[in-house]
>>> print(open('final-v3.cif').read())   # mmCIF, C-alpha atoms
data_upload
#
loop_
_atom_site.group_PDB
_atom_site.id
_atom_site.type_symbol
_atom_site.label_atom_id
_atom_site.label_comp_id
_atom_site.auth_asym_id
_atom_site.auth_seq_id
_atom_site.Cartn_x
_atom_site.Cartn_y
_atom_site.Cartn_z
ATOM 1 C CA MET A 469 83.552 0.642 17.248
ATOM 2 C CA ASN A 470 82.827 -0.041 13.596
ATOM 3 C CA THR A 471 81.012 -3.232 14.614
ATOM 4 C CA ASN A 472 78.777 -1.328 16.995
ATOM 5 C CA LYS A 473 77.931 1.176 14.300
ATOM 6 C CA ARG A 474 77.015 -1.622 11.902
ATOM 7 C CA TRP A 475 74.726 -3.215 14.501
ATOM 8 C CA ALA A 476 73.080 0.127 15.213
ATOM 9 C CA THR A 477 72.540 0.727 11.519
ATOM 10 C CA MET A 478 70.999 -2.729 11.046
ATOM 11 C CA LEU A 479 68.727 -2.225 14.048
ATOM 12 C CA VAL A 480 67.481 1.080 12.688
ATOM 13 C CA GLY A 481 66.816 -0.568 9.322
ATOM 14 C CA VAL A 482 64.835 -3.415 10.875
ATOM 15 C CA LEU A 483 62.729 -0.998 12.923
ATOM 16 C CA ALA A 484 62.039 1.121 9.833
ATOM 17 C CA LEU A 485 60.995 -1.970 7.849
ATOM 18 C CA CYS A 486 58.592 -3.053 10.644
ATOM 19 C CA ALA A 487 57.084 0.420 10.696
ATOM 20 C CA LEU A 488 56.552 0.322 6.926
ATOM 21 C CA LEU A 489 54.894 -3.110 7.096
ATOM 22 C CA ALA A 490 52.575 -1.979 9.919
ATOM 23 C CA LEU A 491 51.593 1.135 7.955
ATOM 24 C CA ALA A 492 50.811 -0.939 4.870
ATOM 25 C CA ALA A 493 48.600 -3.289 6.905
ATOM 26 C CA CYS A 494 46.658 -0.347 8.347
ATOM 27 C CA SER A 495 46.198 1.138 4.871
ATOM 28 C CA LYS A 496 44.738 -2.132 3.601
ATOM 29 C CA LYS A 497 42.249 -2.203 6.460
ATOM 30 C CA GLU A 498 41.141 1.365 5.756
ATOM 31 C CA GLU A 499 40.754 0.640 2.047
ATOM 32 C CA ALA A 500 38.655 -2.478 2.576
ATOM 33 C CA PRO A 501 35.260 -1.896 0.918
ATOM 34 C CA ALA A 502 32.294 -1.388 3.220
ATOM 35 C CA ALA A 503 29.503 -3.934 3.127
ATOM 36 C CA SER A 504 26.815 -2.970 0.643
ATOM 37 C CA PRO A 505 23.448 -1.832 2.047
ATOM 38 C CA ALA A 506 21.804 -4.780 0.305
ATOM 39 C CA ALA A 507 24.037 -7.191 2.188
ATOM 40 C CA GLU A 508 22.953 -5.649 5.482
ATOM 41 C CA GLN A 509 19.271 -6.114 4.695
ATOM 42 C CA PRO A 510 17.649 -9.242 6.139
ATOM 43 C CA ALA A 511 16.654 -11.771 3.533
ATOM 44 C CA ALA A 512 13.001 -11.658 2.496
ATOM 45 C CA GLN A 513 10.960 -14.308 4.249
ATOM 46 C CA PRO A 514 9.568 -16.957 1.892
ATOM 47 C CA ALA A 515 5.804 -17.093 1.570
ATOM 48 C CA THR A 516 4.059 -19.458 3.965
ATOM 49 C CA PRO A 517 2.707 -22.409 1.955
ATOM 50 C CA ILE A 518 -1.078 -22.743 1.690
ATOM 51 C CA ASP A 519 -2.586 -26.085 0.703
ATOM 52 C CA PRO A 520 -4.864 -25.246 -2.263
ATOM 53 C CA ALA A 521 -6.959 -28.322 -1.493
ATOM 54 C CA THR A 522 -8.120 -26.780 1.806
ATOM 55 C CA VAL A 523 -8.718 -23.119 0.988
ATOM 56 C CA ALA A 524 -12.038 -21.449 1.726
ATOM 57 C CA THR A 525 -14.025 -18.434 0.545
ATOM 58 C CA ILE A 526 -15.801 -15.630 2.383
ATOM 59 C CA ASN A 527 -18.402 -13.581 0.544
ATOM 60 C CA GLY A 528 -21.333 -11.396 1.384
ATOM 61 C CA THR A 529 -23.208 -8.134 0.944
ATOM 62 C CA VAL A 530 -22.833 -4.840 2.769
ATOM 63 C CA LYS A 531 -26.053 -2.889 3.313
ATOM 64 C CA PHE A 532 -26.870 0.679 4.277
ATOM 65 C CA ASP A 533 -29.487 0.812 7.040
ATOM 66 C CA GLY A 534 -31.677 3.892 6.729
ATOM 67 C CA THR A 535 -32.366 6.581 4.177
ATOM 68 C CA ALA A 536 -29.438 7.025 1.863
ATOM 69 C CA PRO A 537 -28.103 10.573 1.502
ATOM 70 C CA LYS A 538 -28.418 12.163 -1.912
ATOM 71 C CA PRO A 539 -25.025 12.573 -3.582
ATOM 72 C CA SER A 540 -23.996 16.193 -3.914
ATOM 73 C CA LYS A 541 -23.213 17.627 -7.341
ATOM 74 C CA ILE A 542 -19.668 18.782 -7.989
ATOM 75 C CA ASP A 543 -18.934 21.967 -9.941
ATOM 76 C CA MET A 544 -15.961 21.312 -12.216
ATOM 77 C CA SER A 545 -16.214 24.544 -14.225
ATOM 78 C CA GLN A 546 -12.888 25.856 -12.904
ATOM 79 C CA ASP A 547 -11.082 23.632 -15.427
ATOM 80 C CA PRO A 548 -12.252 23.468 -19.093
ATOM 81 C CA GLY A 549 -10.541 20.084 -19.329
ATOM 82 C CA CYS A 550 -12.990 18.614 -16.805
ATOM 83 C CA LYS A 551 -16.216 17.859 -18.626
ATOM 84 C CA GLY A 552 -19.331 15.864 -17.842
ATOM 85 C CA THR A 553 -21.282 15.323 -14.667
ATOM 86 C CA ASN A 554 -19.641 14.591 -11.377
ATOM 87 C CA GLU A 555 -21.044 13.596 -7.993
ATOM 88 C CA ALA A 556 -19.436 13.103 -4.600
ATOM 89 C CA GLU A 557 -18.640 9.456 -3.809
ATOM 90 C CA THR A 558 -18.547 9.795 -0.026
ATOM 91 C CA VAL A 559 -21.564 7.488 0.480
ATOM 92 C CA VAL A 560 -22.697 5.531 -2.577
ATOM 93 C CA VAL A 561 -25.912 3.552 -2.023
ATOM 94 C CA GLY A 562 -28.117 1.804 -4.565
ATOM 95 C CA GLY A 563 -31.158 -0.191 -3.504
ATOM 96 C CA GLY A 564 -29.830 -0.360 0.031
ATOM 97 C CA ASP A 565 -26.453 -1.747 -1.087
ATOM 98 C CA LEU A 566 -23.343 0.126 0.053
ATOM 99 C CA ALA A 567 -20.403 0.523 -2.336
ATOM 100 C CA ASN A 568 -16.754 1.340 -1.628
ATOM 101 C CA VAL A 569 -16.458 -0.608 1.622
ATOM 102 C CA PHE A 570 -12.997 -2.085 2.099
ATOM 103 C CA VAL A 571 -13.208 -5.615 3.540
ATOM 104 C CA TYR A 572 -10.071 -7.378 4.753
ATOM 105 C CA VAL A 573 -8.763 -10.028 7.140
ATOM 106 C CA LYS A 574 -7.605 -7.886 10.038
ATOM 107 C CA ASP A 575 -6.479 -10.623 12.407
ATOM 108 C CA GLY A 576 -5.940 -14.383 12.471
ATOM 109 C CA LEU A 577 -3.175 -14.887 9.919
ATOM 110 C CA GLY A 578 -0.475 -14.923 12.599
ATOM 111 C CA ASN A 579 3.074 -14.747 11.253
ATOM 112 C CA ARG A 580 2.181 -15.929 7.771
ATOM 113 C CA THR A 581 3.962 -14.168 4.919
ATOM 114 C CA PHE A 582 2.758 -13.781 1.344
ATOM 115 C CA ASP A 583 4.353 -13.140 -2.024
ATOM 116 C CA VAL A 584 3.874 -9.599 -3.300
ATOM 117 C CA PRO A 585 2.057 -9.721 -6.663
ATOM 118 C CA LYS A 586 4.221 -8.729 -9.613
ATOM 119 C CA GLU A 587 1.235 -7.292 -11.466
ATOM 120 C CA PRO A 588 0.514 -3.638 -10.641
ATOM 121 C CA VAL A 589 -2.852 -2.327 -9.557
ATOM 122 C CA VAL A 590 -4.107 0.554 -11.694
ATOM 123 C CA LEU A 591 -5.408 3.916 -10.503
ATOM 124 C CA ASP A 592 -6.858 5.934 -13.381
ATOM 125 C CA GLN A 593 -7.843 9.593 -13.665
ATOM 126 C CA GLN A 594 -10.710 10.104 -16.064
ATOM 127 C CA GLY A 595 -13.439 12.740 -16.122
ATOM 128 C CA CYS A 596 -11.494 14.480 -13.343
ATOM 129 C CA ARG A 597 -12.293 11.607 -11.007
ATOM 130 C CA TYR A 598 -10.226 8.797 -9.566
ATOM 131 C CA HIS A 599 -11.108 5.287 -10.730
ATOM 132 C CA PRO A 600 -11.586 3.370 -8.499
ATOM 133 C CA HIS A 601 -12.611 5.480 -5.532
ATOM 134 C CA VAL A 602 -11.360 2.812 -3.090
ATOM 135 C CA LEU A 603 -8.363 0.650 -3.948
ATOM 136 C CA GLY A 604 -6.655 -2.302 -2.273
ATOM 137 C CA VAL A 605 -2.967 -3.183 -2.685
ATOM 138 C CA MET A 606 -0.390 -5.301 -0.866
ATOM 139 C CA ALA A 607 2.555 -3.607 0.825
ATOM 140 C CA GLY A 608 5.354 -3.330 -1.736
ATOM 141 C CA GLN A 609 3.088 -3.906 -4.736
ATOM 142 C CA THR A 610 3.272 -1.386 -7.580
ATOM 143 C CA VAL A 611 0.462 1.140 -7.987
ATOM 144 C CA GLN A 612 0.340 2.361 -11.603
ATOM 145 C CA ILE A 613 -1.267 5.800 -11.884
ATOM 146 C CA LYS A 614 -2.589 6.922 -15.275
ATOM 147 C CA ASN A 615 -3.954 10.228 -16.559
ATOM 148 C CA ASP A 616 -6.571 9.878 -19.303
ATOM 149 C CA ASP A 617 -7.746 13.501 -19.003
ATOM 150 C CA PRO A 618 -6.773 16.448 -21.252
ATOM 151 C CA THR A 619 -5.613 18.353 -18.183
ATOM 152 C CA THR A 620 -2.802 18.159 -15.632
ATOM 153 C CA HIS A 621 -3.430 16.371 -12.346
ATOM 154 C CA ASN A 622 -1.410 16.462 -9.166
ATOM 155 C CA ILE A 623 -1.467 13.221 -7.173
ATOM 156 C CA HIS A 624 -0.877 13.732 -3.468
ATOM 157 C CA PRO A 625 -1.239 10.866 -0.944
ATOM 158 C CA THR A 626 -1.274 12.040 2.688
ATOM 159 C CA PRO A 627 -0.428 8.913 4.715
ATOM 160 C CA LYS A 628 0.204 8.496 8.430
ATOM 161 C CA ASP A 629 2.538 5.489 8.260
ATOM 162 C CA ASN A 630 3.995 5.669 4.752
ATOM 163 C CA ARG A 631 6.074 8.186 2.830
ATOM 164 C CA GLU A 632 4.186 11.233 1.578
ATOM 165 C CA TRP A 633 4.738 12.399 -1.990
ATOM 166 C CA ASN A 634 3.249 14.936 -4.368
ATOM 167 C CA GLU A 635 3.683 14.611 -8.126
ATOM 168 C CA SER A 636 2.209 16.351 -11.170
ATOM 169 C CA GLN A 637 1.094 14.363 -14.209
ATOM 170 C CA PRO A 638 0.421 16.226 -17.478
ATOM 171 C CA PRO A 639 -1.931 14.830 -20.155
ATOM 172 C CA SER A 640 -0.605 11.878 -22.190
ATOM 173 C CA SER A 641 2.403 11.505 -19.891
ATOM 174 C CA PRO A 642 3.738 8.080 -18.864
ATOM 175 C CA ALA A 643 2.143 6.316 -15.921
ATOM 176 C CA ILE A 644 3.544 7.078 -12.485
ATOM 177 C CA GLU A 645 4.569 3.972 -10.547
ATOM 178 C CA LYS A 646 4.717 3.989 -6.753
ATOM 179 C CA ASN A 647 4.438 1.547 -3.868
ATOM 180 C CA PHE A 648 3.713 1.734 -0.151
ATOM 181 C CA ALA A 649 5.944 -0.107 2.304
ATOM 182 C CA ARG A 650 3.668 -0.359 5.360
ATOM 183 C CA GLU A 651 0.151 -1.512 6.072
ATOM 184 C CA GLU A 652 -2.259 1.423 6.231
ATOM 185 C CA ILE A 653 -6.041 1.417 5.880
ATOM 186 C CA MET A 654 -7.953 4.253 4.192
ATOM 187 C CA LEU A 655 -4.872 6.205 3.132
ATOM 188 C CA PRO A 656 -6.230 9.465 1.611
ATOM 189 C CA VAL A 657 -5.225 10.601 -1.863
ATOM 190 C CA LYS A 658 -6.134 13.989 -3.315
ATOM 191 C CA CYS A 659 -5.419 16.117 -6.379
ATOM 192 C CA ASN A 660 -3.980 19.552 -5.633
ATOM 193 C CA GLN A 661 -5.244 20.829 -8.985
ATOM 194 C CA HIS A 662 -8.853 19.722 -8.457
ATOM 195 C CA PRO A 663 -9.962 19.819 -4.796
ATOM 196 C CA TRP A 664 -12.982 17.549 -5.349
ATOM 197 C CA MET A 665 -10.794 14.657 -6.504
ATOM 198 C CA LYS A 666 -10.363 12.266 -3.564
ATOM 199 C CA MET A 667 -9.879 8.529 -3.170
ATOM 200 C CA TYR A 668 -8.466 5.995 -0.680
ATOM 201 C CA ILE A 669 -5.718 3.394 -0.989
ATOM 202 C CA ASN A 670 -5.698 0.471 1.447
ATOM 203 C CA VAL A 671 -2.325 -1.188 1.995
ATOM 204 C CA THR A 672 -2.400 -4.669 3.530
ATOM 205 C CA LYS A 673 0.106 -7.349 4.478
ATOM 206 C CA SER A 674 -1.939 -10.135 2.885
ATOM 207 C CA PRO A 675 -3.873 -10.680 -0.351
ATOM 208 C CA PHE A 676 -7.112 -11.322 1.547
ATOM 209 C CA TYR A 677 -9.147 -8.208 0.879
ATOM 210 C CA ALA A 678 -11.931 -6.915 -1.362
ATOM 211 C CA VAL A 679 -13.903 -3.741 -2.127
ATOM 212 C CA THR A 680 -17.694 -3.793 -2.386
ATOM 213 C CA GLY A 681 -19.148 -2.880 -5.754
ATOM 214 C CA LYS A 682 -22.326 -0.927 -6.465
ATOM 215 C CA ASP A 683 -24.281 -4.067 -5.572
ATOM 216 C CA GLY A 684 -22.642 -4.115 -2.120
ATOM 217 C CA LYS A 685 -21.067 -7.511 -2.774
ATOM 218 C CA TYR A 686 -17.543 -8.683 -2.003
ATOM 219 C CA GLU A 687 -15.610 -11.963 -2.153
ATOM 220 C CA ILE A 688 -12.324 -13.095 -0.570
ATOM 221 C CA LYS A 689 -10.900 -16.340 -1.993
ATOM 222 C CA GLY A 690 -8.031 -18.684 -1.171
ATOM 223 C CA LEU A 691 -8.141 -18.230 2.604
ATOM 224 C CA PRO A 692 -6.695 -21.063 4.692
ATOM 225 C CA PRO A 693 -9.135 -22.496 7.262
ATOM 226 C CA GLY A 694 -9.027 -20.807 10.653
ATOM 227 C CA ASP A 695 -10.436 -18.193 13.024
ATOM 228 C CA TYR A 696 -10.347 -14.639 11.750
ATOM 229 C CA THR A 697 -11.415 -11.080 12.396
ATOM 230 C CA LEU A 698 -12.979 -9.569 9.303
ATOM 231 C CA ALA A 699 -12.979 -5.759 9.135
ATOM 232 C CA PHE A 700 -15.432 -3.677 7.111
ATOM 233 C CA VAL A 701 -14.153 -0.121 6.668
ATOM 234 C CA HIS A 702 -15.912 2.879 5.123
ATOM 235 C CA GLU A 703 -14.392 6.331 4.643
ATOM 236 C CA LYS A 704 -17.282 8.113 6.410
ATOM 237 C CA LEU A 705 -19.198 5.439 8.308
ATOM 238 C CA GLY A 706 -16.200 3.982 10.121
ATOM 239 C CA GLU A 707 -15.217 0.378 10.829
ATOM 240 C CA GLN A 708 -17.147 -2.692 11.929
ATOM 241 C CA ASP A 709 -15.526 -6.038 12.749
ATOM 242 C CA GLN A 710 -16.861 -9.587 12.747
ATOM 243 C CA LYS A 711 -15.355 -12.810 14.093
ATOM 244 C CA VAL A 712 -15.574 -15.660 11.636
ATOM 245 C CA THR A 713 -14.448 -19.289 11.617
ATOM 246 C CA ILE A 714 -14.086 -21.113 8.319
ATOM 247 C CA ALA A 715 -13.437 -24.796 7.735
ATOM 248 C CA GLU A 716 -11.596 -26.501 4.898
ATOM 249 C CA LYS A 717 -13.168 -25.865 1.474
ATOM 250 C CA GLU A 718 -15.995 -23.908 3.101
ATOM 251 C CA SER A 719 -17.797 -21.050 1.382
ATOM 252 C CA LYS A 720 -19.208 -18.821 4.098
ATOM 253 C CA THR A 721 -21.498 -15.825 3.751
ATOM 254 C CA VAL A 722 -20.743 -12.912 6.067
ATOM 255 C CA ASP A 723 -23.015 -9.895 5.604
ATOM 256 C CA GLN A 724 -22.665 -6.503 7.250
ATOM 257 C CA SER A 725 -24.684 -3.297 7.525
ATOM 258 C CA PHE A 726 -23.873 0.316 8.300
ATOM 259 C CA ARG A 727 -26.108 3.006 9.702
ATOM 260 C CA ALA A 728 -25.957 6.670 8.803
ATOM 261 C CA ALA A 729 -23.396 8.525 10.877
ATOM 262 C CA ALA A 730 -24.890 10.552 13.724
ATOM 263 C CA GLU A 731 -25.188 14.217 12.912
#
>>> encode(input="final-v3.cif", output="structure tokens")
Amino acid sequence: MNTNKRWATMLVGVLALCALLALAACSKKEEAPAASPAAEQPAAQPATPIDPATVATINGTVKFDGTAPKPSKIDMSQDPGCKGTNEAETVVVGGGDLANVFVYVKDGLGNRTFDVPKEPVVLDQQGCRYHPHVLGVMAGQTVQIKNDDPTTHNIHPTPKDNREWNESQPPSSPAIEKNFAREEIMLPVKCNQHPWMKMYINVTKSPFYAVTGKDGKYEIKGLPPGDYTLAFVHEKLGEQDQKVTIAEKESKTVDQSFRAAAE
């Protein structure tokens, strides 16, 4: 009888020990740290190499066909901090040349990837206007926004495919730094303090873009040889595309013209 009791006691002890070991193992599993979000992110794809000995250039001039509209005057008297003359920049034409046209390689690059520039692009606020009126930036690249006016501005991008934000910037405050994750052409930016202040940011997946100056000229360098679709985009006059083929080391001129939008 005593022997049976001893065996029963030992059996109970063994079962209790097994239960304790199983519980400890479960606790260790529950306490195991979760994988960090960074570890779950796919590794960034390395940039596709481009042979610098073969790269080509596309340049040209964008014209306005017809009688250019007269720029409308802007009344800035609502804010004493906004001084000087101001005119709408919707259609800027000088001698038949059209400014503020965004030109970029829309198609033909395939699955190529490109390094995001480390240098920021700068968007300034001066004279209660945005400088420049049309800006190009690569997806993920920093946009540095400055306020050189003696008044508070309120920067408010209203994108379709990127995150919307709305941020005030008092005079002499540090630059605001933002970036846009997705490609988006003619992304509108406004100032909630000054309703006439408008500009456009163009976010691309490649560095092959340009904005026409007052002389209507643009230039896109470093493009590998190939067949491309070149897009010319204007905030009011719309988009026009051209097919272009460039050979190794070629410098090709591709001009474009826009007509006044139908009333």
>>> resolve_selection(input="final-v3.cif", expression="the PyMOL selection byres ((chain A and resi 673-683) around 7)", output="number ranges by chain")
A: 562, 565-573, 582, 606-607, 651, 672, 684-688
>>> resolve_selection(input="final-v3.cif", expression="the PyMOL selection byres ((chain A and resi 710) around 7)", output="short mmCIF file (atom, residue, chain, number, x, y, z; two decimals) with C-alpha atoms, keeping the file's coordinate frame")
data_model
loop_
_atom_site.label_atom_id
_atom_site.label_comp_id
_atom_site.auth_asym_id
_atom_site.auth_seq_id
_atom_site.Cartn_x
_atom_site.Cartn_y
_atom_site.Cartn_z
CA THR A 697 -11.42 -11.08 12.40
CA LEU A 698 -12.98 -9.57 9.30
CA ALA A 699 -12.98 -5.76 9.14
CA GLN A 708 -17.15 -2.69 11.93
CA ASP A 709 -15.53 -6.04 12.75
CA LYS A 711 -15.36 -12.81 14.09
CA VAL A 712 -15.57 -15.66 11.64
#
>>> atom_distance(input="final-v3.cif", atom1="atom CA of A:Gln661", atom2="atom CA of A:Arg631")
20.7 Å
>>> resolve_selection(input="final-v3.cif", expression="the PyMOL selection byres ((chain A and resi 557) around 9)", output="number ranges by chain")
A: 539-540, 555-556, 558-560, 568, 601, 666-667
>>> closest_residue(input="final-v3.cif", among="A:Gly604, A:Pro514, A:Gly690, A:Pro638", to="A:Ile669", atoms="all atoms listed in the file")
A:Gly604
>>> residues_near_point(input="final-v3.cif", point="(-20.8, -11.5, 4.7)", cutoff="9 Å", atoms="all atoms listed in the file", output="mmCIF file with C-alpha atoms, keeping the file's coordinate frame")
data_model
loop_
_atom_site.group_PDB
_atom_site.id
_atom_site.type_symbol
_atom_site.label_atom_id
_atom_site.label_comp_id
_atom_site.auth_asym_id
_atom_site.auth_seq_id
_atom_site.Cartn_x
_atom_site.Cartn_y
_atom_site.Cartn_z
ATOM 1 C CA ILE A 526 -15.801 -15.630 2.383
ATOM 2 C CA ASN A 527 -18.402 -13.581 0.544
ATOM 3 C CA GLY A 528 -21.333 -11.396 1.384
ATOM 4 C CA THR A 529 -23.208 -8.134 0.944
ATOM 5 C CA VAL A 530 -22.833 -4.840 2.769
ATOM 6 C CA LYS A 685 -21.067 -7.511 -2.774
ATOM 7 C CA TYR A 686 -17.543 -8.683 -2.003
ATOM 8 C CA GLU A 687 -15.610 -11.963 -2.153
ATOM 9 C CA LYS A 720 -19.208 -18.821 4.098
ATOM 10 C CA THR A 721 -21.498 -15.825 3.751
ATOM 11 C CA VAL A 722 -20.743 -12.912 6.067
ATOM 12 C CA ASP A 723 -23.015 -9.895 5.604
ATOM 13 C CA GLN A 724 -22.665 -6.503 7.250
#
>>> atom_distance(input="final-v3.cif", atom1="atom CA of A:Ser640", atom2="atom CA of A:Leu655")
26.3 Å
>>> closest_residue(input="final-v3.cif", among="A:Gly595, A:Pro585, A:Pro627, A:Gly576", to="A:Ile542", atoms="all atoms listed in the file")
A:Gly595
